[in-house]
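The file entry33.csv contains CSV, C-alpha atoms:
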chain,number,residue,atom,x,y,z
A,26,MET,CA,0.0,0.0,0.0
A,27,LYS,CA,1.2,3.5,-0.9
A,28,LEU,CA,0.0,6.1,1.6
A,29,PHE,CA,-0.2,9.8,0.8
A,30,VAL,CA,-0.9,12.5,3.4
A,31,LEU,CA,-2.8,15.7,2.4
A,32,ALA,CA,-2.7,18.5,5.0
A,33,GLY,CA,-3.1,22.2,5.3
A,34,GLN,CA,-5.8,24.8,5.8
A,35,SER,CA,-9.0,25.8,4.0
A,36,ASN,CA,-7.7,25.3,0.4
A,37,MET,CA,-6.9,21.8,1.4
A,38,VAL,CA,-10.2,21.4,3.3
A,39,GLY,CA,-12.2,22.4,0.2
A,40,GLN,CA,-14.9,25.0,0.1
A,41,TYR,CA,-16.7,26.7,-2.8
A,42,ALA,CA,-15.8,23.6,-4.9
A,43,TYR,CA,-19.0,21.7,-5.4
A,44,ALA,CA,-19.4,18.0,-6.1
A,45,ALA,CA,-22.4,18.5,-8.4
A,46,GLU,CA,-20.0,20.3,-10.8
A,47,LEU,CA,-17.5,17.5,-10.9
A,48,PRO,CA,-17.3,15.1,-13.9
A,49,ALA,CA,-19.9,12.3,-13.4
A,50,GLU,CA,-17.2,9.7,-12.8
A,51,LEU,CA,-15.8,11.7,-9.8
A,52,GLN,CA,-19.1,12.5,-8.1
A,53,GLY,CA,-19.6,9.1,-6.5
A,54,GLU,CA,-17.4,6.5,-4.8
A,55,GLN,CA,-13.9,5.7,-6.1
A,56,ALA,CA,-13.7,2.2,-4.7
A,57,ASP,CA,-10.0,1.7,-5.5
A,58,VAL,CA,-8.9,4.6,-3.2
A,59,VAL,CA,-9.2,4.4,0.6
A,60,VAL,CA,-9.3,7.5,2.8
A,61,TYR,CA,-8.6,8.0,6.5
A,62,ASN,CA,-10.1,11.2,7.9
A,63,ARG,CA,-10.4,11.9,11.6
A,64,GLY,CA,-10.5,8.3,12.7
A,65,THR,CA,-12.9,7.1,10.0
A,66,TRP,CA,-12.1,4.9,7.0
A,67,SER,CA,-14.1,5.2,3.7
A,68,THR,CA,-13.6,5.0,0.0
A,69,LEU,CA,-12.8,8.2,-1.8
A,70,HIS,CA,-15.7,10.5,-2.5
A,71,PRO,CA,-16.6,14.2,-2.3
A,72,GLY,CA,-17.3,15.6,1.1
A,73,ILE,CA,-14.5,14.0,3.0
A,74,GLY,CA,-13.1,16.5,5.5
A,75,ALA,CA,-14.6,19.3,3.3
A,76,ALA,CA,-16.5,22.4,4.4
A,77,SER,CA,-19.7,20.5,3.7
A,78,ALA,CA,-20.8,17.1,2.3
A,79,ALA,CA,-21.5,18.9,-1.0
A,80,GLU,CA,-18.0,20.2,-1.4
A,81,PHE,CA,-14.6,18.7,-2.0
A,82,GLY,CA,-10.8,19.3,-1.8
A,83,PRO,CA,-7.9,18.2,-4.0
A,84,GLU,CA,-8.0,14.7,-2.7
A,85,VAL,CA,-10.7,13.7,-5.3
A,86,THR,CA,-8.5,14.3,-8.4
A,87,PHE,CA,-5.2,13.6,-6.6
A,88,GLY,CA,-6.5,10.1,-5.5
A,89,ARG,CA,-7.8,9.4,-8.9
A,90,ALA,CA,-4.5,10.3,-10.7
A,91,MET,CA,-2.4,8.4,-8.2
A,92,ALA,CA,-4.5,5.3,-8.5
A,93,ASP,CA,-4.4,5.4,-12.3
A,94,ALA,CA,-0.7,5.7,-12.2
A,95,MET,CA,0.1,3.0,-9.7
A,96,SER,CA,-0.9,-0.3,-11.1
A,97,GLY,CA,-0.1,-3.1,-8.6
A,98,HIS,CA,-0.3,-0.8,-5.6
A,99,SER,CA,-3.3,0.2,-3.4
A,100,VAL,CA,-3.6,3.9,-2.8
A,101,VAL,CA,-4.5,5.2,0.7
A,102,LEU,CA,-5.0,8.9,1.5
A,103,ILE,CA,-5.0,10.6,4.9
A,104,LYS,CA,-6.6,14.0,4.9
A,105,TYR,CA,-5.9,16.2,7.8
A,106,ALA,CA,-6.8,19.9,7.2
A,107,VAL,CA,-8.2,22.7,9.2
A,108,GLY,CA,-9.1,26.2,7.9
A,109,ALA,CA,-7.7,29.5,9.2
A,110,THR,CA,-4.6,27.9,10.8
A,111,THR,CA,-1.0,29.0,10.8
A,112,LEU,CA,2.3,27.2,10.5
A,113,ALA,CA,3.8,29.6,13.0
A,114,GLU,CA,1.4,28.4,15.8
A,115,ASP,CA,-1.1,25.7,15.0
A,116,TRP,CA,1.2,23.4,12.9
A,117,ASN,CA,4.5,24.3,14.6
A,118,PRO,CA,6.4,21.2,15.7
A,119,ASN,CA,8.6,23.2,18.1
A,120,THR,CA,5.6,24.2,20.2
A,121,PRO,CA,3.4,21.2,19.2
A,122,GLY,CA,-0.3,21.8,19.7
A,123,PRO,CA,-3.2,19.6,18.7
A,124,LEU,CA,-2.8,20.0,14.9
A,125,TYR,CA,0.8,18.9,14.6
A,126,THR,CA,0.5,16.1,17.1
A,127,GLY,CA,-2.9,15.2,15.6
A,128,LEU,CA,-1.4,14.9,12.1
A,129,VAL,CA,1.5,12.7,13.3
A,130,ASP,CA,-0.8,10.6,15.4
A,131,ALA,CA,-3.4,10.2,12.6
A,132,VAL,CA,-0.7,8.8,10.2
A,133,ASN,CA,0.7,6.5,12.8
A,134,GLU,CA,-2.7,5.2,13.7
A,135,ALA,CA,-3.6,4.5,10.1
A,136,VAL,CA,-0.3,2.8,9.4
A,137,ALA,CA,-0.6,0.7,12.5
A,138,GLU,CA,-4.1,-0.5,11.5
A,139,LEU,CA,-3.1,-1.2,7.9
A,140,SER,CA,0.2,-2.9,8.8
A,141,SER,CA,-1.5,-5.8,10.5
A,142,GLU,CA,-2.5,-7.1,7.0
A,143,HIS,CA,-0.6,-5.1,4.5
A,144,ASP,CA,2.9,-3.8,3.6
A,145,VAL,CA,2.4,0.0,4.0
A,146,GLU,CA,4.7,2.8,2.8
A,147,ILE,CA,4.3,6.5,3.6
A,148,ALA,CA,4.9,7.5,0.1
A,149,GLY,CA,4.4,11.3,0.1
A,150,MET,CA,2.8,14.4,1.5
A,151,ALA,CA,0.9,17.3,-0.1
A,152,TRP,CA,0.8,20.6,1.7
A,153,MET,CA,-1.5,23.5,0.9
A,154,GLN,CA,-1.1,26.1,3.6
A,155,GLY,CA,0.3,29.5,4.4
A,156,GLU,CA,-2.5,32.0,3.7
A,157,SER,CA,-3.2,32.7,7.4
A,158,ASP,CA,0.6,33.2,8.1
A,159,ALA,CA,0.6,35.8,5.2
A,160,PHE,CA,-1.7,38.1,7.2
A,161,ASP,CA,1.2,38.8,9.6
A,162,LEU,CA,4.6,40.0,8.5
A,163,GLY,CA,6.4,38.3,11.4
A,164,LYS,CA,4.8,35.0,10.7
A,165,SER,CA,5.5,35.4,7.0
A,166,GLU,CA,9.2,36.2,7.5
A,167,ALA,CA,9.4,33.1,9.8
A,168,TYR,CA,7.6,30.9,7.3
A,169,GLU,CA,10.8,29.5,5.6
A,170,ALA,CA,12.4,28.4,8.8
A,171,ASN,CA,9.1,27.1,10.2
A,172,LEU,CA,8.5,25.1,7.0
A,173,ARG,CA,12.0,23.5,7.1
A,174,ASP,CA,11.4,22.5,10.7
A,175,PHE,CA,7.9,21.2,9.9
A,176,ILE,CA,9.2,18.9,7.0
A,177,GLN,CA,12.2,17.7,9.0
A,178,SER,CA,10.1,17.0,12.1
A,179,LEU,CA,7.5,15.0,10.1
A,180,ARG,CA,10.3,13.0,8.4
A,181,ASP,CA,11.8,12.2,11.8
A,182,ASP,CA,8.5,11.4,13.5
A,183,TRP,CA,7.5,9.0,10.7
A,184,ALA,CA,11.0,7.6,10.2
A,185,GLU,CA,10.9,8.6,6.6
A,186,PRO,CA,14.1,10.7,6.1
A,187,ASP,CA,13.5,11.2,2.4
A,188,LEU,CA,9.7,11.5,2.4
A,189,PRO,CA,8.6,13.2,-0.9
A,190,PHE,CA,7.0,16.6,0.1
A,191,VAL,CA,5.0,18.7,-2.4
A,192,ILE,CA,4.0,22.3,-1.7
A,193,GLY,CA,1.2,24.1,-3.4
A,194,GLU,CA,2.3,27.7,-3.2
A,195,ILE,CA,-0.4,30.2,-1.9
A,196,ALA,CA,-2.0,32.4,-4.6
A,197,SER,CA,-0.9,36.0,-5.4
A,198,ASP,CA,-4.1,37.3,-3.8
A,199,PRO,CA,-3.8,40.7,-2.1
A,200,VAL,CA,-6.2,39.5,0.6
A,201,TRP,CA,-3.2,37.4,1.9
A,202,THR,CA,-1.3,40.6,2.8
A,203,HIS,CA,2.2,39.3,2.6
A,204,TYR,CA,1.6,36.5,0.1
A,205,ASP,CA,4.8,37.3,-1.7
A,206,VAL,CA,6.9,36.6,1.4
A,207,VAL,CA,5.3,33.3,2.0
A,208,GLN,CA,5.6,32.3,-1.7
A,209,GLN,CA,9.3,33.1,-1.7
A,210,ALA,CA,9.7,31.0,1.5
A,211,GLU,CA,7.9,28.0,-0.1
A,212,ALA,CA,10.0,28.3,-3.2
A,213,ALA,CA,13.3,28.6,-1.3
A,214,VAL,CA,12.5,25.5,0.8
A,215,ALA,CA,11.7,23.5,-2.3
A,216,ALA,CA,14.9,24.7,-4.1
A,217,SER,CA,17.2,23.8,-1.2
A,218,THR,CA,15.7,20.7,0.4
A,219,SER,CA,16.0,17.1,-1.0
A,220,ASN,CA,12.8,15.6,-2.3
A,221,VAL,CA,10.7,18.8,-1.8
A,222,THR,CA,8.8,20.3,-4.8
A,223,ALA,CA,6.7,23.4,-5.1
A,224,PHE,CA,4.3,24.6,-7.8
A,225,SER,CA,2.4,27.9,-8.5
A,226,THR,CA,-1.4,28.1,-8.0
A,227,ASP,CA,-1.7,31.6,-9.4
A,228,ASP,CA,-3.7,30.5,-12.5
A,229,LEU,CA,-6.2,28.4,-10.6
A,230,PRO,CA,-9.7,29.9,-10.5
A,231,THR,CA,-11.1,31.0,-7.2
A,232,THR,CA,-14.4,32.0,-5.5
A,233,ASN,CA,-14.1,34.2,-2.4
A,234,HIS,CA,-10.3,33.7,-2.3
A,235,HIS,CA,-10.6,29.9,-2.4
A,236,TYR,CA,-10.1,27.5,-5.2
A,237,ASN,CA,-13.5,26.7,-6.7
A,238,THR,CA,-14.6,23.5,-8.5
A,239,GLN,CA,-12.2,23.9,-11.5
A,240,GLY,CA,-9.5,25.2,-9.2
A,241,GLN,CA,-9.7,22.1,-6.9
A,242,ILE,CA,-9.8,19.7,-9.9
A,243,LEU,CA,-6.6,21.3,-11.2
A,244,LEU,CA,-5.0,21.5,-7.7
A,245,GLY,CA,-5.4,17.8,-7.1
A,246,ARG,CA,-3.9,16.9,-10.5
A,247,ARG,CA,-1.0,19.2,-9.9
A,248,PHE,CA,-0.2,17.6,-6.6
A,249,ALA,CA,-0.2,14.3,-8.3
A,250,ASP,CA,2.0,15.4,-11.2
A,251,ALA,CA,4.5,16.9,-8.7
A,252,MET,CA,4.4,13.8,-6.6
A,253,MET,CA,5.5,11.7,-9.7
A,254,THR,CA,9.1,12.6,-10.5
A,255,PRO,CA,9.7,11.8,-14.2
A,256,GLY,CA,11.4,8.4,-14.4
A,257,ASP,CA,10.5,7.5,-10.8
A,258,ALA,CA,8.5,4.3,-11.4
A,259,ASN,CA,8.5,3.2,-7.7
A,260,PHE,CA,7.5,6.6,-6.3
A,261,ASP,CA,10.4,6.9,-3.9
A,262,GLY,CA,11.4,10.4,-5.1
A,263,TYR,CA,14.6,9.1,-6.9
A,264,VAL,CA,15.4,7.9,-10.4
A,265,ASP,CA,17.9,5.0,-10.2
A,266,ASP,CA,18.6,1.4,-11.1
A,267,ARG,CA,15.4,0.2,-9.3
A,268,ASP,CA,13.3,2.3,-11.6
A,269,ALA,CA,15.4,1.0,-14.6
A,270,SER,CA,14.6,-2.5,-13.5
A,271,ILE,CA,10.9,-1.8,-13.5
A,272,LEU,CA,11.0,-0.1,-16.9
A,273,GLY,CA,13.1,-2.9,-18.3
A,274,SER,CA,10.7,-5.6,-17.1
A,275,HIS,CA,7.9,-3.9,-19.0
A,276,TRP,CA,10.0,-3.0,-22.0
A,277,GLN,CA,8.0,-2.7,-25.3
A,278,MET,CA,4.7,-3.1,-23.4
A,279,ARG,CA,2.3,-1.8,-26.0
A,280,GLU,CA,-1.1,-1.5,-24.3
A,281,GLY,CA,-2.4,-0.5,-20.9
A,282,ALA,CA,1.0,0.5,-19.4
A,283,THR,CA,0.9,2.9,-16.4
A,284,TRP,CA,3.4,5.1,-14.7
A,285,ALA,CA,4.3,2.3,-12.3
A,286,ASP,CA,5.2,0.2,-15.4
A,287,GLY,CA,7.5,2.8,-16.8
A,288,ASP,CA,5.1,4.8,-19.0
A,289,PHE,CA,6.3,8.3,-18.1
A,290,ASN,CA,4.8,10.1,-21.1
A,291,ARG,CA,1.4,8.4,-20.4
A,292,ASP,CA,0.8,7.1,-23.9
A,293,GLY,CA,0.0,3.6,-22.6
A,294,MET,CA,3.3,2.1,-23.9
A,295,VAL,CA,6.8,1.6,-22.5
A,296,THR,CA,9.3,2.6,-25.2
A,297,ASP,CA,12.5,4.6,-26.0
A,298,ALA,CA,10.5,7.7,-25.2
A,299,ASP,CA,10.1,6.6,-21.6
A,300,ALA,CA,13.7,5.5,-21.4
A,301,ALA,CA,14.8,9.0,-22.6
A,302,ILE,CA,12.7,10.6,-19.8
A,303,MET,CA,14.3,8.3,-17.3
A,304,ALA,CA,17.7,9.1,-18.6
A,305,ALA,CA,17.1,12.9,-18.4
A,306,HIS,CA,16.2,12.7,-14.7
A,307,TRP,CA,18.6,10.0,-13.7
A,308,ARG,CA,19.6,10.4,-10.0
A,309,GLU,CA,18.2,14.0,-10.2
A,310,ALA,CA,17.6,13.9,-6.4
A,311,PRO,CA,20.1,13.5,-4.8
A,312,PRO,CA,22.9,14.1,-7.3
A,313,ALA,CA,25.3,11.2,-7.9
A,314,GLU,CA,27.9,11.2,-5.2
A,315,ASN,CA,30.8,10.5,-7.7
A,316,VAL,CA,30.0,13.4,-10.0
A,317,SER,CA,31.1,16.9,-9.4
A,318,ALA,CA,28.4,19.5,-9.1
A,319,SER,CA,30.3,21.5,-11.8
A,320,GLU,CA,29.8,18.7,-14.3
A,321,PRO,CA,26.0,18.4,-14.8
A,322,ALA,CA,26.3,18.0,-18.5
A,323,VAL,CA,28.7,15.1,-18.2
A,324,ALA,CA,26.6,13.5,-15.5
A,325,ALA,CA,23.5,13.7,-17.6
A,326,MET,CA,25.2,12.3,-20.7
A,327,LEU,CA,26.7,9.3,-18.8
A,328,ALA,CA,23.4,8.6,-17.0
A,329,GLY,CA,21.4,8.8,-20.2
A,330,ALA,CA,23.7,6.5,-22.1
A,331,ALA,CA,23.8,4.1,-19.2
A,332,VAL,CA,20.1,3.8,-19.0
A,333,LEU,CA,19.5,3.4,-22.7
A,334,LEU,CA,22.3,0.8,-23.0
A,335,LEU,CA,21.0,-1.1,-20.0
A,336,LEU,CA,17.5,-1.3,-21.4
A,337,ARG,CA,18.7,-2.4,-24.8
A,338,GLN,CA,20.7,-5.2,-23.2
A,339,PHE,CA,17.7,-6.2,-21.1
A,340,ALA,CA,15.5,-6.3,-24.2
A,341,ALA,CA,18.1,-8.5,-26.0
A,342,GLY,CA,18.2,-10.8,-23.0
A,343,ARG,CA,21.9,-10.3,-22.4
A,344,ARG,CA,21.9,-8.7,-19.0
A,345,ARG,CA,19.7,-8.7,-15.9
A,346,VAL,CA,18.4,-5.2,-15.3
A,347,GLY,CA,18.4,-5.7,-11.5
A,348,GLN,CA,22.2,-5.7,-11.5
A,349,GLY,CA,22.0,-1.9,-12.0
A,350,LEU,CA,24.4,0.4,-13.8
A,351,ALA,CA,27.7,-0.5,-12.2
A,352,GLY,CA,29.1,-2.3,-15.2
A,353,VAL,CA,27.5,-0.1,-17.8
A,354,ALA,CA,28.4,3.5,-17.1
A,355,GLY,CA,32.1,3.0,-17.7
A,356,PRO,CA,32.1,1.9,-21.4
A,357,CYS,CA,29.5,4.6,-22.2
Written as structure tokens, how would this file's structure read?
Amino acid sequence: MKLFVLAGQSNMVGQYAYAAELPAELQGEQADVVVYNRGTWSTLHPGIGAASAAEFGPEVTFGRAMADAMSGHSVVLIKYAVGATTLAEDWNPNTPGPLYTGLVDAVNEAVAELSSEHDVEIAGMAWMQGESDAFDLGKSEAYEANLRDFIQSLRDDWAEPDLPFVIGEIASDPVWTHYDVVQQAEAAVAASTSNVTAFSTDDLPTTNHHYNTQGQILLGRRFADAMMTPGDANFDGYVDDRDASILGSHWQMREGATWADGDFNRDGMVTDADAAIMAAHWREAPPAENVSASEPAVAAMLAGAAVLLLLRQFAAGRRRVGQGLAGVAGPC
């Protein structure tokens, strides 16, 4: 089971986004995605942890996108979001109140329940928060340090040192007085922290300063896209020989391939195009230890050649993909 955590404030809760306006296939139960919210298990549907049963948050399209991508894995979501809350106070791990501890406990409880019968991995976290901090200059200026502490504390508490963490940057809405300071903090953390990604939400439509139906549809999909590092077939945030092994085992699959099979361009097949995507992102996070940071072009060339040669050898039956790249990179 791959477990994903969705947390934050009102734009993660979901309000002004109405289930009746969703595509028909998303209005009801999505039986292949399980959600844990405030001690209750259910299959994915609108209204979970939202402002009302008629509304929804990004989990609806995020869950659908992740389940579609992850053949062979069960997708579990944990939603833990409360409106009008700040990272400086409510979610702060250094002065832990009910929200931080509640989030940690909710994930631990869910993992404990599932682990009795399943192999469970905390596979990633989506974070949509910061609007309330932006009302106050002091909290805005502290946001970068607070976010770094938040991410590190969660990784420590869940024993997931490389937990993929995706940030939806708050919108450039003047109602969030110091939105630019918070945005800069979010971008800075993503740029300087391993396995952390951020994306802009400025183009998402809103109603009363909150992402509306179309905005939430897009928000969930963007969280999913950001969670899926190109070339990362096993969703661990890295692109390495384990992903090459997965891609190689599905090499030349021509119908029904998913991301988890190595279909990174989502055309339903596993081909040279997907191998090229993997090569372009090889060991992108973290950088290869044996390659100088001043030689990115050389690193990309060697990695790309190694992946492509490895896959060709696999397809020809001359090499086991699981042996990795150790004996391939040199001759390239």
Contact table segment 90-188 of chain A vs segment 274-290 of chain A, cut-off 6 Å, shortest pair per residue, all atoms listed in the file, as a Markdown table:
| residue | atom | partner | partner_atom | distance |
| --- | --- | --- | --- | --- |
| A:Ala94 | CA | A:Trp284 | CA | 4.8 |
| A:Met95 | CA | A:Ala285 | CA | 5.0 |
| A:Ser96 | CA | A:Ala285 | CA | 5.9 |
(request) Write out as a list in words which residues come within 7 Å of Gly82 of chain A when counting all atoms listed in the file, dropping same-chain ones fewer than 5 positions away. (result)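 That gives Met37, Val38, Gly39, Ala75 and Gln241 of chain A.
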Give me, as a JSON list (two decimals) with C-alpha atoms, in the coordinates of the input, all polymer residues having an atom no more than 10 Å from Ile73 of chain A, counting only C-alpha atoms and skipping those fewer than 2 positions away in the same chain.
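Okay, this is what ended up in out31.json:
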[["chain", "number", "residue", "atom", "x", "y", "z"],
["A", 38, "VAL", "CA", -10.20, 21.40, 3.30],
["A", 39, "GLY", "CA", -12.20, 22.40, 0.20],
["A", 60, "VAL", "CA", -9.30, 7.50, 2.80],
["A", 61, "TYR", "CA", -8.60, 8.00, 6.50],
["A", 62, "ASN", "CA", -10.10, 11.20, 7.90],
["A", 63, "ARG", "CA", -10.40, 11.90, 11.60],
["A", 65, "THR", "CA", -12.90, 7.10, 10.00],
["A", 67, "SER", "CA", -14.10, 5.20, 3.70],
["A", 68, "THR", "CA", -13.60, 5.00, 0.00],
["A", 69, "LEU", "CA", -12.80, 8.20, -1.80],
["A", 70, "HIS", "CA", -15.70, 10.50, -2.50],
["A", 71, "PRO", "CA", -16.60, 14.20, -2.30],
["A", 75, "ALA", "CA", -14.60, 19.30, 3.30],
["A", 76, "ALA", "CA", -16.50, 22.40, 4.40],
["A", 77, "SER", "CA", -19.70, 20.50, 3.70],
["A", 78, "ALA", "CA", -20.80, 17.10, 2.30],
["A", 79, "ALA", "CA", -21.50, 18.90, -1.00],
["A", 80, "GLU", "CA", -18.00, 20.20, -1.40],
["A", 81, "PHE", "CA", -14.60, 18.70, -2.00],
["A", 82, "GLY", "CA", -10.80, 19.30, -1.80],
["A", 84, "GLU", "CA", -8.00, 14.70, -2.70],
["A", 85, "VAL", "CA", -10.70, 13.70, -5.30],
["A", 104, "LYS", "CA", -6.60, 14.00, 4.90]]
(request) Identify, on the basis of all atoms listed in the file, every residue whose closest approach to segment 189-201 of chain A does not exceed 6 Å; exclude the query and any residue fewer than 5 positions from it along the same chain; express the result as a PyMOL selection string. (result) chain A and resi 149-153+156+159-160+208+220-227+262
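Nearest residue to Val30 of chain A, choosing from A:Leu243, A:Ala301, A:Ala113, A:Val132 and counting all atoms listed in the file: A:Val132.
Of the residues under consideration (A:Tyr125, A:Leu28, A:Thr202, A:Asp130), A:Leu28 shows the shortest atom-to-atom contact distance to Ala92 of chain A when counting only C-alpha atoms.
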(message) Ranking A:Leu31, A:Gly163, A:Ser99, A:Asp257 by minimum distance to Ala269 of chain A and counting only C-alpha atoms, which one comes first?
(response) A:Asp257
(message) Between A:Met26, A:Ala249, A:Ile302, A:Leu179, which residue has the minimum interatomic distance to Gly97 of chain A, considering only C-alpha atoms?
(response)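 Ranking A:Met26, A:Ala249, A:Ile302, A:Leu179 by distance to Gly97 of chain A, first place goes to A:Met26.
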(message) Report, in Å with one decimal, the straight-line distance from atom CA of Arg267 of chain A to atom CA of Val100 of chain A.
(response)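 So the two atoms, atom CA of Arg267 of chain A and atom CA of Val100 of chain A, lie 20.4 Å apart.
Note that the spacing between atom CA of Ile147 of chain A and atom CA of Leu188 of chain A amounts to 7.5 Å.
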If we count all atoms listed in the file, what is near Asp182 of chain A at a cut-off of 10 Å, once residues fewer than 3 positions away on the same chain are taken out, given as a PDB file with C-alpha atoms, keeping the file's coordinate frame?
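The resulting file, selection.pdb, is shown below:
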ATOM      1  CA  THR A 126       0.500  16.100  17.100  1.00  0.00           C
ATOM      2  CA  VAL A 129       1.500  12.700  13.300  1.00  0.00           C
ATOM      3  CA  ASP A 130      -0.800  10.600  15.400  1.00  0.00           C
ATOM      4  CA  ASN A 133       0.700   6.500  12.800  1.00  0.00           C
ATOM      5  CA  ILE A 176       9.200  18.900   7.000  1.00  0.00           C
ATOM      6  CA  GLN A 177      12.200  17.700   9.000  1.00  0.00           C
ATOM      7  CA  SER A 178      10.100  17.000  12.100  1.00  0.00           C
ATOM      8  CA  LEU A 179       7.500  15.000  10.100  1.00  0.00           C
ATOM      9  CA  GLU A 185      10.900   8.600   6.600  1.00  0.00           C
ATOM     10  CA  PRO A 186      14.100  10.700   6.100  1.00  0.00           C
TER      11      PRO A 186
END
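Taking atom CA of Tyr168 of chain A and atom CA of Asn119 of chain A as the two end points, the separation is 13.3 Å.
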(request) Kindly indicate which residue among A:Ala32, A:Ala135, A:Ala42, A:Met253 lies nearest to Gln239 of chain A, using all atoms listed in the file for the distances. (result)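 Going through A:Ala32, A:Ala135, A:Ala42, A:Met253 one by one, the smallest distance to Gln239 of chain A is for A:Ala42.
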(request) For each of A:Ala109, A:Val145, A:Val59, A:Met252, take the minimum atom-to-atom distance to Ser35 of chain A, counting all atoms listed in the file, then give the residue where this is smallest. (result) A:Ala109
Atom completion result for segment 103-119 of chain A (N, CA and C atoms) as a short mmCIF file (atom, residue, chain, number, x, y, z; two decimals), keeping the file's coordinate frame:
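Saved to part.cif:
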data_model
loop_
_atom_site.label_atom_id
_atom_site.label_comp_id
_atom_site.auth_asym_id
_atom_site.auth_seq_id
_atom_site.Cartn_x
_atom_site.Cartn_y
_atom_site.Cartn_z
N ILE A 103 -4.59 10.02 3.55
CA ILE A 103 -5.00 10.60 4.90
C ILE A 103 -5.14 12.05 4.69
N LYS A 104 -6.35 12.52 4.97
CA LYS A 104 -6.60 14.00 4.90
C LYS A 104 -6.73 14.52 6.28
N TYR A 105 -5.93 15.58 6.53
CA TYR A 105 -5.90 16.20 7.80
C TYR A 105 -5.74 17.71 7.63
N ALA A 106 -6.82 18.44 7.54
CA ALA A 106 -6.80 19.90 7.20
C ALA A 106 -7.77 20.65 8.03
N VAL A 107 -7.36 21.85 8.45
CA VAL A 107 -8.20 22.70 9.20
C VAL A 107 -8.05 24.15 8.74
N GLY A 108 -9.15 24.81 8.45
CA GLY A 108 -9.10 26.20 7.90
C GLY A 108 -8.63 27.19 8.93
N ALA A 109 -8.12 28.33 8.40
CA ALA A 109 -7.70 29.50 9.20
C ALA A 109 -6.66 29.10 10.26
N THR A 110 -5.69 28.29 9.89
CA THR A 110 -4.60 27.90 10.80
C THR A 110 -3.28 28.34 10.30
N THR A 111 -2.34 28.51 11.21
CA THR A 111 -1.00 29.00 10.80
C THR A 111 0.06 27.95 11.11
N LEU A 112 1.11 28.01 10.30
CA LEU A 112 2.30 27.20 10.50
C LEU A 112 3.05 27.68 11.75
N ALA A 113 3.05 28.99 11.94
CA ALA A 113 3.80 29.60 13.00
C ALA A 113 3.30 29.12 14.40
N GLU A 114 2.00 28.81 14.49
CA GLU A 114 1.40 28.40 15.80
C GLU A 114 0.78 27.04 15.73
N ASP A 115 -0.23 26.88 14.91
CA ASP A 115 -1.10 25.70 15.00
C ASP A 115 -0.32 24.41 14.50
N TRP A 116 0.53 24.54 13.46
CA TRP A 116 1.20 23.40 12.90
C TRP A 116 2.68 23.32 13.34
N ASN A 117 3.10 24.18 14.24
CA ASN A 117 4.50 24.30 14.60
C ASN A 117 4.97 23.11 15.44
N PRO A 118 5.94 22.34 14.94
CA PRO A 118 6.40 21.20 15.70
C PRO A 118 7.25 21.53 16.91
N ASN A 119 7.76 22.77 16.95
CA ASN A 119 8.60 23.20 18.10
C ASN A 119 7.80 23.56 19.31
#
